[in-house]
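Chemist: Take this structure, written in structure tokens, and hold onto it; I'll ask about it next.
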Amino acid sequence: MTLPRRVRIVEVGPRDGLQNVPVTVPTDVKVGLIERLLAAGLTAIEVGSFVSPAWVPQMADTAAVLARLPPNPAGRYAVLVPNLKGFEAARAAGAGEVAIFASASEAFSRANINGSIAESLERFAPVAAASRAAGIPLRGYVSCVLGCPYEGEVAPEAVARVARRLVDLGCHEVSLGDTIGAGTPDRARACLAAVAGVVPPERLALHFHDTRGQALANIRACLDLGVSVIDAAVAGLGGCPYARGATGNVATEAVVEALAALGIATGVDPARLAEAGRFITGALARAGAG
Ligand code: HMG
Ligand code: MG
């Protein structure tokens with residue numbers, strides 16, 4: 001297969017990037033960041049999550065963020081929801097898309113959402129039904145696709161099984177998370193190939209954290225397998241509070257530049273994206289988290 005001509009970037013910085021920072025980021029700053037991302041041409045933006053505020057306090061103002069955002073006619077503001085309670089809050093707040101998040105590893109599933117993989121999929125079934133009834137698009141995540149902070153190696157077959165279940169639940173797209181950046185190009189490719197055997201690659205996204213500086217190489221190794229959606233976070237922000245040692249997502253700036261060098265369009269303006277990066281890194285530094 002050849003390289004895609006165009007890649008859709010899903011900007012996860014306001015959610016994945018800010019859910020783990022050691023300071024409280026004011027709602028104003030989150031809104032300012034998202035406005036700048038929009039101005040840079042990013043339209044698929046994950047703006048927060050409706051999870052337990054006791055588990056992830058940084059996302060507790062997601063409804064307030066959504067209430068203040070400008071319209072996004074060319075795209076969608078997405079949020080994570082772990083259960084029906086989260087979905088109802090997301091719907092009430094006007095989220096344009098909701099994402100459920102499962103894991104390919106049992107131990108991470110328990111650490112992150114306090115339930116086994118099977119229990120999490122049971123919790124997601126009513127979310128999927130409610131999102132279908134409300135006409136709100138549903139995205140899915142599989143975490144730990146290239147390694148688990150608790151269990152080590154994860155078999156591609158385990159990833160494929162969970163990805164398929166998420167599609168069967170009604171996810172229009174499933175994002176494959178290298179939560180701790182443990183992947184290598186060969187293993188990333190093997191994992192994607194295994195998943196693409198049960199889910200069409202056009203419905204898959206790559207969500208690679210850059211803990212070991214391998215995320216871009218891993219993305220490059222997958223790009224000729226039919227995938228054309230990449231999750232990234234401005235300024236490489238990010239990490240999961242329940243995956244110790246996990247650092248940021250691959251930086252959106254780096255993805256845009258690497259894709260441009262391959263002749264692949266993203267519709268993102270690098271100068272305006274850099275301005276969004278300066279805005280958030282400056283705000284975090286001033287708050288003592290830079
Ligand atoms: P639990 O403690 O088992 O939940 O947590 P529970 O159902 O027993 O409820 C306990 C309390 O939480 C109750 O409140 C509920 O109302 C409340 P209380 O009665 O004690 O006052 N609660 C909620 N509040 C607000 N919104 C909700 C909600 N649900 C329950 N939706 C639960 C289970 C799933 C809620 C918890 O484990 C949780 O919120 N986990 C989220 C963890 C998280 O957000 N992790 C980071 C995102 S995942 C990620 O980063 C990976 C990803 O980027 C991909 C990758 O990189 O691999 C997506
Ligand atoms: Mg992530």
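Labeling convention for the structure tokens: chains A, B, ... as they appear, residues from 1 per chain, ligands from 1 in order of appearance.
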Excluding A:Gly213 and its own-chain neighbours fewer than 5 positions away, which residues fall within 12 Å of it when counting only C-alpha atoms? Please give them as a list in words.
Modeler: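 What passes the distance filter is Ile180, Gly181, Ala182, Gly183, Thr184, Pro185, Phe208, Asn218, Ile219, Gly236, Ala246, Thr247, Gly248, Asn249, Val250, Ala251 and Ala254 of chain A.
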Chemist: Stretch 123-140 of chain A: which residues within 9 Å, counting only C-alpha atoms, same-chain residues fewer than 3 positions away excluded, as a ChimeraX atom specification?
Modeler: /A:78,80-88,91,95-102,118-120,163,166-167,169-176
Chemist: Against ligand 2, which residues of chain A fall within 12 Å? For each one I want the closest pair of atoms and the distance in Å (one decimal), counting only C-alpha atoms and all ligand atoms, rows by chain and increasing residue number, as a Markdown table.
Modeler:
| residue | atom | partner | partner_atom_place_in_ligand_line | distance |
| --- | --- | --- | --- | --- |
| A:Val10 | CA | ligand 2 | 1 (Mg) | 11.7 |
| A:Glu11 | CA | ligand 2 | 1 (Mg) | 11.1 |
| A:Val12 | CA | ligand 2 | 1 (Mg) | 8.0 |
| A:Gly13 | CA | ligand 2 | 1 (Mg) | 9.4 |
| A:Pro14 | CA | ligand 2 | 1 (Mg) | 11.4 |
| A:Arg15 | CA | ligand 2 | 1 (Mg) | 8.8 |
| A:Asp16 | CA | ligand 2 | 1 (Mg) | 5.5 |
| A:Gly17 | CA | ligand 2 | 1 (Mg) | 8.2 |
| A:Leu18 | CA | ligand 2 | 1 (Mg) | 10.8 |
| A:Gln19 | CA | ligand 2 | 1 (Mg) | 9.8 |
| A:Asn20 | CA | ligand 2 | 1 (Mg) | 10.5 |
| A:Glu46 | CA | ligand 2 | 1 (Mg) | 11.1 |
| A:Leu80 | CA | ligand 2 | 1 (Mg) | 11.0 |
| A:Phe101 | CA | ligand 2 | 1 (Mg) | 9.9 |
| A:Ala102 | CA | ligand 2 | 1 (Mg) | 11.6 |
| A:Ser103 | CA | ligand 2 | 1 (Mg) | 11.3 |
| A:Asn112 | CA | ligand 2 | 1 (Mg) | 11.7 |
| A:Tyr141 | CA | ligand 2 | 1 (Mg) | 8.9 |
| A:Val142 | CA | ligand 2 | 1 (Mg) | 9.7 |
| A:Ser143 | CA | ligand 2 | 1 (Mg) | 7.6 |
| A:Cys144 | CA | ligand 2 | 1 (Mg) | 9.4 |
| A:Val145 | CA | ligand 2 | 1 (Mg) | 11.2 |
| A:Ser175 | CA | ligand 2 | 1 (Mg) | 9.6 |
| A:Leu176 | CA | ligand 2 | 1 (Mg) | 9.3 |
| A:Gly177 | CA | ligand 2 | 1 (Mg) | 6.1 |
| A:Asp178 | CA | ligand 2 | 1 (Mg) | 7.4 |
| A:Thr179 | CA | ligand 2 | 1 (Mg) | 5.4 |
| A:Ile180 | CA | ligand 2 | 1 (Mg) | 8.4 |
| A:Gly181 | CA | ligand 2 | 1 (Mg) | 9.6 |
| A:Leu206 | CA | ligand 2 | 1 (Mg) | 10.3 |
| A:His207 | CA | ligand 2 | 1 (Mg) | 6.5 |
| A:Phe208 | CA | ligand 2 | 1 (Mg) | 7.3 |
| A:His209 | CA | ligand 2 | 1 (Mg) | 6.6 |
| A:Asp210 | CA | ligand 2 | 1 (Mg) | 10.1 |
| A:Thr211 | CA | ligand 2 | 1 (Mg) | 11.3 |
| A:Ile230 | CA | ligand 2 | 1 (Mg) | 11.9 |
| A:Asp231 | CA | ligand 2 | 1 (Mg) | 8.7 |
| A:Ala232 | CA | ligand 2 | 1 (Mg) | 9.0 |
| A:Ala233 | CA | ligand 2 | 1 (Mg) | 9.3 |
| A:Gly236 | CA | ligand 2 | 1 (Mg) | 11.2 |
| A:Leu237 | CA | ligand 2 | 1 (Mg) | 10.1 |
| A:Gly238 | CA | ligand 2 | 1 (Mg) | 7.2 |
| A:Gly239 | CA | ligand 2 | 1 (Mg) | 6.2 |
| A:Cys240 | CA | ligand 2 | 1 (Mg) | 6.3 |
| A:Pro241 | CA | ligand 2 | 1 (Mg) | 10.0 |
| A:Tyr242 | CA | ligand 2 | 1 (Mg) | 10.6 |
| A:Ala243 | CA | ligand 2 | 1 (Mg) | 9.7 |
| A:Ala246 | CA | ligand 2 | 1 (Mg) | 8.8 |
| A:Thr247 | CA | ligand 2 | 1 (Mg) | 9.1 |
| A:Gly248 | CA | ligand 2 | 1 (Mg) | 7.9 |
| A:Asn249 | CA | ligand 2 | 1 (Mg) | 6.5 |
| A:Val250 | CA | ligand 2 | 1 (Mg) | 9.7 |
Chemist: Report as a list in words all protein, DNA and RNA residues lying within 6 Å of stretch 189-198 of chain A, evaluated on only C-alpha atoms, omitting residues in the same chain fewer than 6 positions from it.
Modeler: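 Counting only C-alpha atoms, the residues come to Pro156, Ala160, Ala221 and Cys222 of chain A.
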Chemist: So that I have them on file, write out the residues from the current selection with C-alpha atoms, as a PDB file, in the first residue's frame.
Modeler:
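Dumped to again_7.pdb:
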ATOM      1  CA  PRO A 156      -1.088  -7.922  19.102  1.00  0.00           C
ATOM      2  CA  ALA A 160      -7.039  -6.783  17.931  1.00  0.00           C
ATOM      3  CA  ALA A 221       6.543   2.506  10.002  1.00  0.00           C
ATOM      4  CA  CYS A 222       2.734   2.287   9.963  1.00  0.00           C
TER       5      CYS A 222
END
Chemist: State, in Å with one decimal place, the distance from atom 3 (O, counted along the ligand's line) of ligand 1 to atom CA of A:Leu146.
Modeler: 25.5 Å
Chemist: Apply DSSP to the backbone of this structure and, from stretch 81-257 of chain A, keep only the residues in alpha helix (DSSP H); write these as a ChimeraX atom specification.
Modeler: /A:84-93,106-113,117-134,156-169,185-196,215-222,252-257
Chemist: Just how far from atom CA of A:Val31 is atom CA of A:Glu275, in Å to one decimal?
Modeler: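 These two atoms are separated by 14.4 Å.
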